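K.L.:
The file below is upload36.cif, mmCIF, C-alpha atoms:
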```
data_target
#
loop_
_atom_site.label_atom_id
_atom_site.label_comp_id
_atom_site.auth_asym_id
_atom_site.auth_seq_id
_atom_site.Cartn_x
_atom_site.Cartn_y
_atom_site.Cartn_z
CA MET A 1 -54.09 18.43 3.38
CA SER A 2 -53.73 18.00 7.13
CA PHE A 3 -51.12 15.64 8.52
CA LYS A 4 -53.80 13.34 9.91
CA ARG A 5 -55.44 13.07 6.51
CA LEU A 6 -52.09 12.36 4.88
CA VAL A 7 -51.49 9.53 7.34
CA ASN A 8 -54.96 8.15 6.58
CA VAL A 9 -54.20 8.20 2.86
CA VAL A 10 -50.83 6.46 3.38
CA GLU A 11 -52.60 3.85 5.50
CA VAL A 12 -55.10 3.12 2.75
CA VAL A 13 -52.27 2.88 0.18
CA ALA A 14 -50.39 0.43 2.43
CA GLY A 15 -53.56 -1.65 2.84
CA VAL A 16 -54.07 -1.79 -0.92
CA ALA A 17 -50.39 -2.66 -1.42
CA ALA A 18 -50.71 -5.53 1.06
CA LEU A 19 -53.73 -6.80 -0.85
CA VAL A 20 -51.87 -6.55 -4.17
CA PHE A 21 -48.92 -8.53 -2.80
CA ILE A 22 -51.23 -11.23 -1.45
CA ILE A 23 -52.95 -11.56 -4.83
CA ALA A 24 -49.57 -11.58 -6.61
CA LEU A 25 -48.42 -14.51 -4.44
CA PHE A 26 -51.02 -16.63 -6.19
CA ALA A 27 -51.34 -14.91 -9.55
CA ASN A 28 -47.69 -14.35 -10.49
CA GLN A 29 -46.36 -17.30 -12.47
CA PRO A 30 -42.62 -18.01 -12.73
CA SER A 31 -41.06 -17.24 -16.09
CA GLY A 32 -39.14 -20.55 -16.19
CA GLY A 33 -40.54 -23.26 -18.45
CA GLY A 34 -42.60 -25.75 -16.52
CA ALA A 35 -42.97 -28.15 -19.43
CA ALA A 36 -39.23 -28.70 -19.68
CA SER A 37 -39.09 -29.51 -15.96
CA ALA A 38 -41.94 -31.93 -16.24
CA ALA A 39 -40.05 -33.87 -18.89
CA LYS A 40 -37.17 -34.51 -16.49
CA SER A 41 -37.23 -37.17 -13.84
CA GLY A 42 -35.01 -39.35 -11.69
CA PRO A 43 -33.63 -39.21 -8.16
CA GLY A 44 -31.21 -36.36 -8.91
CA TYR A 45 -34.01 -34.31 -10.41
CA ASP A 46 -36.24 -34.87 -7.37
CA VAL A 47 -33.46 -33.83 -4.98
CA TYR A 48 -32.71 -30.80 -7.13
CA VAL A 49 -36.34 -29.62 -7.24
CA SER A 50 -36.78 -30.07 -3.49
CA ASN A 51 -33.53 -28.49 -2.35
CA CYS A 52 -31.79 -26.47 -5.05
CA ALA A 53 -34.35 -25.05 -7.48
CA ARG A 54 -35.59 -22.38 -5.08
CA CYS A 55 -32.22 -20.59 -5.30
CA HIS A 56 -30.72 -21.80 -8.59
CA GLY A 57 -33.98 -21.87 -10.58
CA GLN A 58 -35.98 -24.81 -11.92
CA GLU A 59 -33.83 -24.94 -15.05
CA GLY A 60 -30.59 -24.00 -13.32
CA GLN A 61 -30.84 -20.55 -14.84
CA GLY A 62 -29.89 -18.89 -11.56
CA GLY A 63 -31.88 -16.71 -9.22
CA ILE A 64 -30.87 -15.95 -5.68
CA GLY A 65 -28.03 -18.42 -6.25
CA PRO A 66 -25.76 -18.48 -9.29
CA GLN A 67 -26.58 -20.07 -12.65
CA LEU A 68 -25.74 -23.77 -12.87
CA ALA A 69 -26.90 -24.72 -16.36
CA GLY A 70 -23.98 -24.53 -18.77
CA GLN A 71 -21.75 -23.31 -15.99
CA VAL A 72 -21.37 -25.94 -13.30
CA THR A 73 -18.79 -28.13 -15.09
CA THR A 74 -16.68 -25.04 -15.72
CA ASP A 75 -16.80 -24.04 -12.05
CA PHE A 76 -16.29 -27.63 -10.88
CA PRO A 77 -14.37 -29.68 -13.49
CA ASP A 78 -14.38 -32.61 -11.06
CA ALA A 79 -17.71 -33.92 -9.75
CA LYS A 80 -16.06 -34.69 -6.40
CA GLU A 81 -15.32 -30.97 -5.97
CA GLU A 82 -18.96 -30.13 -6.55
CA GLU A 83 -20.09 -32.81 -4.11
CA ALA A 84 -17.73 -31.40 -1.46
CA PHE A 85 -19.14 -27.93 -2.09
CA VAL A 86 -22.71 -29.14 -1.66
CA ARG A 87 -21.75 -30.97 1.54
CA ALA A 88 -19.87 -28.04 3.11
CA GLY A 89 -21.64 -24.99 1.67
CA ARG A 90 -19.91 -21.64 1.22
CA ASP A 91 -20.51 -18.02 0.15
CA GLY A 92 -24.10 -17.95 1.35
CA MET A 93 -25.01 -21.46 0.21
CA PRO A 94 -25.96 -23.60 3.20
CA SER A 95 -24.35 -26.95 3.98
CA PHE A 96 -26.47 -29.88 2.83
CA ALA A 97 -24.49 -32.50 4.75
CA GLY A 98 -27.26 -32.76 7.34
CA GLN A 99 -30.08 -32.52 4.82
CA LEU A 100 -29.04 -34.96 2.11
CA SER A 101 -27.47 -38.41 2.24
CA PRO A 102 -24.17 -39.02 0.37
CA THR A 103 -26.15 -40.86 -2.33
CA GLU A 104 -28.58 -37.97 -2.73
CA ILE A 105 -25.68 -35.53 -3.06
CA GLN A 106 -24.10 -37.75 -5.72
CA ASP A 107 -27.44 -37.97 -7.54
CA VAL A 108 -28.10 -34.25 -7.52
CA VAL A 109 -24.55 -33.41 -8.58
CA ALA A 110 -24.83 -35.90 -11.44
CA TYR A 111 -28.11 -34.29 -12.45
CA THR A 112 -26.65 -30.78 -12.48
CA ARG A 113 -23.74 -31.97 -14.64
CA THR A 114 -25.85 -33.86 -17.18
CA GLU A 115 -29.52 -33.06 -17.79
CA LEU A 116 -29.48 -29.63 -16.17
CA ASN A 117 -26.23 -28.72 -17.89
CA LYS A 118 -27.61 -29.32 -21.39
CA MET B 1 -81.88 -9.58 37.91
CA THR B 2 -81.49 -8.18 34.45
CA ALA B 3 -78.40 -6.19 35.42
CA SER B 4 -76.74 -9.16 37.12
CA THR B 5 -77.19 -11.36 34.06
CA ALA B 6 -76.00 -8.68 31.63
CA GLU B 7 -72.82 -7.93 33.57
CA PRO B 8 -71.03 -11.28 33.05
CA VAL B 9 -71.72 -11.01 29.34
CA ALA B 10 -70.03 -7.58 29.23
CA ARG B 11 -67.01 -8.88 31.20
CA ALA B 12 -66.68 -11.90 28.98
CA SER B 13 -66.54 -9.75 25.86
CA VAL B 14 -62.92 -8.71 26.46
CA PRO B 15 -61.54 -12.28 26.49
CA VAL B 16 -63.66 -13.04 23.45
CA LYS B 17 -62.29 -10.00 21.65
CA LEU B 18 -58.77 -10.98 22.65
CA LEU B 19 -59.29 -14.53 21.48
CA GLY B 20 -60.69 -13.35 18.16
CA ILE B 21 -57.76 -11.02 17.58
CA VAL B 22 -55.16 -13.64 18.52
CA LEU B 23 -56.88 -16.24 16.31
CA ALA B 24 -56.86 -13.81 13.38
CA GLY B 25 -53.13 -13.19 13.85
CA ALA B 26 -52.45 -16.91 14.20
CA ALA B 27 -54.42 -17.56 11.01
CA VAL B 28 -52.24 -15.06 9.12
CA SER B 29 -49.02 -16.64 10.42
CA VAL B 30 -50.18 -20.17 9.64
CA ALA B 31 -51.45 -19.16 6.19
CA LEU B 32 -48.08 -17.63 5.31
CA GLY B 33 -46.23 -20.68 6.60
CA VAL B 34 -48.45 -23.05 4.66
CA TYR B 35 -48.10 -20.97 1.49
CA GLY B 36 -44.30 -20.89 1.89
CA ARG B 37 -44.19 -24.64 2.38
CA VAL B 38 -46.71 -25.71 -0.27
CA HIS B 39 -45.87 -23.19 -2.98
CA ASP B 40 -43.05 -24.26 -5.31
CA PRO B 41 -40.30 -21.66 -4.79
CA THR B 42 -39.55 -20.06 -8.13
CA GLY B 43 -35.95 -19.13 -7.32
CA GLU B 44 -36.46 -16.08 -9.50
CA LYS B 45 -35.84 -12.40 -8.88
CA PRO B 46 -39.24 -10.81 -9.50
CA TYR B 47 -37.89 -7.24 -9.20
CA THR B 48 -34.90 -5.27 -8.04
CA LEU B 49 -36.75 -1.92 -7.90
CA PHE B 50 -34.07 0.76 -8.26
CA PHE B 51 -31.29 -1.42 -6.79
CA SER B 52 -28.56 -3.32 -8.63
CA ASP B 53 -29.70 -6.69 -7.26
CA THR B 54 -32.64 -8.20 -5.40
CA ILE B 55 -30.58 -9.05 -2.33
CA ASN B 56 -29.35 -5.43 -2.06
CA PHE B 57 -32.89 -4.09 -2.21
CA LYS B 58 -33.99 -6.59 0.44
CA VAL B 59 -31.15 -5.70 2.79
CA TRP B 60 -31.76 -1.96 2.48
CA PHE B 61 -35.54 -2.15 2.69
CA ALA B 62 -35.33 -4.35 5.79
CA THR B 63 -32.82 -1.97 7.36
CA ALA B 64 -35.01 1.04 6.62
CA ALA B 65 -38.02 -0.79 8.09
CA VAL B 66 -36.10 -1.52 11.31
CA PHE B 67 -34.96 2.10 11.53
CA LEU B 68 -38.53 3.39 11.13
CA ALA B 69 -39.80 0.82 13.62
CA ALA B 70 -37.21 2.04 16.13
CA VAL B 71 -38.42 5.62 15.58
CA GLN B 72 -41.97 4.38 16.10
CA VAL B 73 -41.01 2.79 19.41
CA LEU B 74 -39.40 6.04 20.55
CA LEU B 75 -42.55 7.95 19.59
CA ALA B 76 -44.64 5.40 21.50
CA LEU B 77 -42.46 5.88 24.58
CA ARG B 78 -43.17 9.61 24.38
CA LEU B 79 -46.89 9.00 23.88
CA TYR B 80 -46.98 6.80 26.98
CA GLY B 81 -44.96 9.37 28.93
CA LYS B 82 -42.00 7.03 29.43
CA VAL B 83 -39.63 9.61 27.99
CA HIS B 84 -40.04 13.38 28.24
CA ILE B 85 -38.28 14.59 25.12
CA PRO B 86 -39.67 16.88 23.84
CA ARG B 87 -40.94 18.28 27.13
CA THR B 88 -44.34 19.13 25.63
CA SER B 89 -45.86 16.42 23.48
CA PRO B 90 -46.80 17.91 20.08
CA PRO B 91 -50.34 17.21 18.86
CA TRP B 92 -49.11 15.40 15.74
CA LEU B 93 -47.09 12.83 17.70
CA GLY B 94 -49.76 10.14 17.49
CA ASP B 95 -50.09 10.55 13.73
CA ALA B 96 -46.30 10.50 13.33
CA HIS B 97 -46.27 7.24 15.30
CA ARG B 98 -48.87 5.79 12.94
CA LEU B 99 -47.07 7.05 9.83
CA THR B 100 -43.69 5.54 10.75
CA GLY B 101 -45.37 2.20 11.47
CA ILE B 102 -47.32 2.20 8.22
CA VAL B 103 -44.26 3.07 6.12
CA ALA B 104 -42.16 0.44 7.95
CA PHE B 105 -44.86 -2.14 7.21
CA GLY B 106 -44.99 -1.00 3.57
CA LEU B 107 -41.24 -1.53 3.27
CA THR B 108 -41.53 -5.10 4.54
CA LEU B 109 -44.13 -6.05 1.90
CA PRO B 110 -41.91 -6.33 -1.22
CA VAL B 111 -39.23 -8.07 0.85
CA ALA B 112 -41.68 -10.60 2.28
CA TYR B 113 -43.21 -11.16 -1.15
CA GLN B 114 -39.83 -12.01 -2.66
CA CYS B 115 -39.04 -14.30 0.28
CA LEU B 116 -42.33 -16.19 0.01
CA TRP B 117 -42.69 -16.33 -3.76
CA ALA B 118 -39.09 -17.01 -4.72
CA LEU B 119 -37.68 -18.84 -1.70
CA GLY B 120 -40.58 -20.20 0.33
CA PHE B 121 -40.42 -21.58 3.86
CA GLN B 122 -36.97 -23.15 4.22
CA SER B 123 -35.27 -25.15 6.96
CA THR B 124 -31.85 -25.79 5.45
CA ASP B 125 -30.08 -24.57 8.60
CA THR B 126 -30.94 -23.03 11.97
CA ARG B 127 -30.68 -19.43 10.80
CA VAL B 128 -32.87 -20.02 7.77
CA LEU B 129 -35.47 -21.95 9.78
CA PHE B 130 -35.51 -19.27 12.47
CA HIS B 131 -35.85 -16.56 9.81
CA SER B 132 -38.72 -18.39 8.09
CA LEU B 133 -40.59 -18.88 11.38
CA LEU B 134 -40.06 -15.28 12.45
CA GLY B 135 -41.21 -13.98 9.07
CA CYS B 136 -44.53 -15.81 9.41
CA PHE B 137 -44.86 -14.82 13.06
CA PHE B 138 -44.19 -11.15 12.27
CA PHE B 139 -47.18 -10.68 10.00
CA GLY B 140 -49.39 -12.55 12.44
CA VAL B 141 -48.41 -10.39 15.39
CA PHE B 142 -48.62 -7.29 13.18
CA THR B 143 -52.22 -8.27 12.38
CA ILE B 144 -52.89 -8.59 16.10
CA LYS B 145 -51.50 -5.11 16.67
CA VAL B 146 -53.58 -3.51 13.92
CA LEU B 147 -56.75 -5.19 15.19
CA ALA B 148 -55.93 -4.31 18.81
CA VAL B 149 -55.53 -0.63 17.90
CA ARG B 150 -58.97 -0.62 16.31
CA THR B 151 -60.77 -2.62 18.99
CA HIS B 152 -62.16 -0.70 21.95
CA GLY B 153 -62.24 -1.89 25.52
CA LEU B 154 -59.09 -4.00 25.50
CA PRO B 155 -56.67 -3.92 28.45
CA SER B 156 -54.22 -1.03 28.37
CA TRP B 157 -51.19 -3.32 28.66
CA LEU B 158 -52.01 -5.09 25.40
CA LEU B 159 -50.79 -2.53 22.88
CA PRO B 160 -47.34 -1.96 24.44
CA ILE B 161 -46.78 -5.72 24.68
CA VAL B 162 -47.94 -6.47 21.15
CA GLY B 163 -46.12 -3.43 19.74
CA GLY B 164 -42.94 -4.46 21.54
CA THR B 165 -43.32 -7.98 20.19
CA VAL B 166 -43.75 -6.68 16.63
CA PHE B 167 -40.61 -4.58 16.99
CA ALA B 168 -38.55 -7.35 18.61
CA THR B 169 -39.62 -9.79 15.89
CA LEU B 170 -38.69 -7.37 13.14
CA VAL B 171 -35.26 -6.85 14.70
CA LEU B 172 -34.71 -10.62 14.91
CA ILE B 173 -35.76 -11.03 11.27
CA TRP B 174 -33.31 -8.29 10.34
CA LEU B 175 -30.51 -9.91 12.38
CA THR B 176 -31.05 -13.27 10.68
CA SER B 177 -31.08 -11.77 7.19
CA ALA B 178 -29.63 -8.31 6.54
CA VAL B 179 -27.06 -8.39 9.35
CA TRP B 180 -26.13 -11.96 8.46
CA PHE B 181 -25.64 -10.81 4.86
CA TRP B 182 -23.35 -7.96 5.97
CA ARG B 183 -21.25 -10.36 7.99
CA GLU B 184 -21.00 -12.91 5.16
CA PHE B 185 -20.63 -10.66 2.15
CA GLY B 186 -19.83 -7.19 3.44
CA PHE B 187 -21.89 -4.03 3.35
CA PRO B 188 -24.17 -4.17 0.31
CA SER B 189 -24.13 -1.66 -2.51
CA PHE B 190 -27.30 -0.14 -3.88
#
```
What does the file become when written as structure tokens?
P.N.:
Amino acid sequence: MSFKRLVNVVEVVAGVAALVFIIALFANQPSGGGAASAAKSGPGYDVYVSNCARCHGQEGQGGIGPQLAGQVTTDFPDAKEEEAFVRAGRDGMPSFAGQLSPTEIQDVVAYTRTELNK
Amino acid sequence: MTASTAEPVARASVPVKLLGIVLAGAAVSVALGVYGRVHDPTGEKPYTLFFSDTINFKVWFATAAVFLAAVQVLLALRLYGKVHIPRTSPPWLGDAHRLTGIVAFGLTLPVAYQCLWALGFQSTDTRVLFHSLLGCFFFGVFTIKVLAVRTHGLPSWLLPIVGGTVFATLVLIWLTSAVWFWREFGFPSF
């Protein structure tokens, strides 16, 4: 096989791969349970879904960020510590001081320590 | 008369081609941005390939893509006669230029997929916002480059400018992700 032909083949493979990834963006469903999420509600839940779930998972199971469910009260025995962590950010987690109001931070921390922590 | 009326049509075709190509690239960028914003980020790790963690695979794939893109730029400089090493341009240089670009693009695909599907378009801080915008812009300008290569009659300055923009964007994406990760967490393992 000539070099030119090899490059043509690689180009076709890359094109197909791009197509597969585009289809997977829409077809691939998350493995986390959607029904369980739907059952939860409240201001803390809304803040969590909008700001935290993308890294910590819908159910707090972890993902890009560490697991929270069943873990957060061990890591932060005091809720005030967790609130300070959310405000300041650290170890790759961004600061949410400019994104969330103090009340929203309190709500989301309460949510992670109660419903999400079950 | 016939020739004078046909001529303006022929001249106008280049701007029309350019506009079509730019609109196609813009559509890709906007589509990715909209998907990233509308799609609920899963926060999951869809794959790690042969790496110990998703973030490690992303850092290494992005770094490899930047390396190959840099090689591609060097090959382009030789093709355009801006550098003279090697002294005689080998006949396979153009295909090598294409191959490095295709493989670099292929390496960005699983990284971009994980970013879009698991994280989405984020604006939690300046770096993250900048990275999200650049990620969408990259695939748009890459589309423009691919279409420009395959469209005849375009100005000769277009490809170097678009190719340089693709490379610069990829480097900025890499700086706001892989290099940031190195600085925050140290050099990643495999």
K.L.:
Counting only C-alpha atoms, collect the residues of chain A whose closest atom lies at most 9 Å from chain B, and write them out as a ChimeraX atom specification.
P.N.:
/A:3-4,6-8,10-11,13-15,17-18,21-22,24-26,28-32,49-58,61-65,91-92,94-96,98-99
K.L.:
Tell me which protein, DNA and RNA residues are within 12 Å of segment 155-161 of chain B, counting all atoms listed in the file, leaving out same-chain ones fewer than 6 positions away, and put them as a list in words.
P.N.:
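Here the answer would be Arg11, Ser13, Val14, Pro15, Lys17, Leu18, Ile21, Val22, Gln72, Val73, Leu74, Ala76, Leu77, Leu79, Tyr80, Lys82, Val141, Phe142, Ile144, Lys145, Val146, Leu147, Ala148, Val149, Phe167 and Ala168 of chain B.
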K.L.:
Atom CA of Pro102 of chain A and atom CA of Pro43 of chain A are how many Å apart?
P.N.:
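Pair atom CA of Pro102 of chain A / atom CA of Pro43 of chain A returns 12.7 Å.
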K.L.:
For a cutoff of 10 Å around the file-coordinate point (-31.9, -32.8, -6.2), which residues qualify once you count only C-alpha atoms? I'd like the result as an mmCIF file with C-alpha atoms, keeping the file's coordinate frame.
P.N.:
```
data_model
loop_
_atom_site.group_PDB
_atom_site.id
_atom_site.type_symbol
_atom_site.label_atom_id
_atom_site.label_comp_id
_atom_site.auth_asym_id
_atom_site.auth_seq_id
_atom_site.Cartn_x
_atom_site.Cartn_y
_atom_site.Cartn_z
ATOM 1 C CA GLY A 42 -35.010 -39.350 -11.690
ATOM 2 C CA PRO A 43 -33.630 -39.210 -8.160
ATOM 3 C CA GLY A 44 -31.210 -36.360 -8.910
ATOM 4 C CA TYR A 45 -34.010 -34.310 -10.410
ATOM 5 C CA ASP A 46 -36.240 -34.870 -7.370
ATOM 6 C CA VAL A 47 -33.460 -33.830 -4.980
ATOM 7 C CA TYR A 48 -32.710 -30.800 -7.130
ATOM 8 C CA VAL A 49 -36.340 -29.620 -7.240
ATOM 9 C CA SER A 50 -36.780 -30.070 -3.490
ATOM 10 C CA ASN A 51 -33.530 -28.490 -2.350
ATOM 11 C CA CYS A 52 -31.790 -26.470 -5.050
ATOM 12 C CA ALA A 53 -34.350 -25.050 -7.480
ATOM 13 C CA LEU A 100 -29.040 -34.960 2.110
ATOM 14 C CA GLU A 104 -28.580 -37.970 -2.730
ATOM 15 C CA ILE A 105 -25.680 -35.530 -3.060
ATOM 16 C CA GLN A 106 -24.100 -37.750 -5.720
ATOM 17 C CA ASP A 107 -27.440 -37.970 -7.540
ATOM 18 C CA VAL A 108 -28.100 -34.250 -7.520
ATOM 19 C CA VAL A 109 -24.550 -33.410 -8.580
ATOM 20 C CA ALA A 110 -24.830 -35.900 -11.440
ATOM 21 C CA TYR A 111 -28.110 -34.290 -12.450
ATOM 22 C CA THR A 112 -26.650 -30.780 -12.480
#
```
K.L.:
Compute the distance from (-40.3, -13.3, 14.7) to each atom, counting all atoms listed in the file, keep the residues with any atom at most 7 Å away, and return them as a list in words; use the coordinates of the file.
P.N.:
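Using all atoms listed in the file, the matching residues come out as Leu133, Leu134, Gly135, Phe137, Phe138, Thr169, Leu170, Leu172 and Ile173 of chain B.
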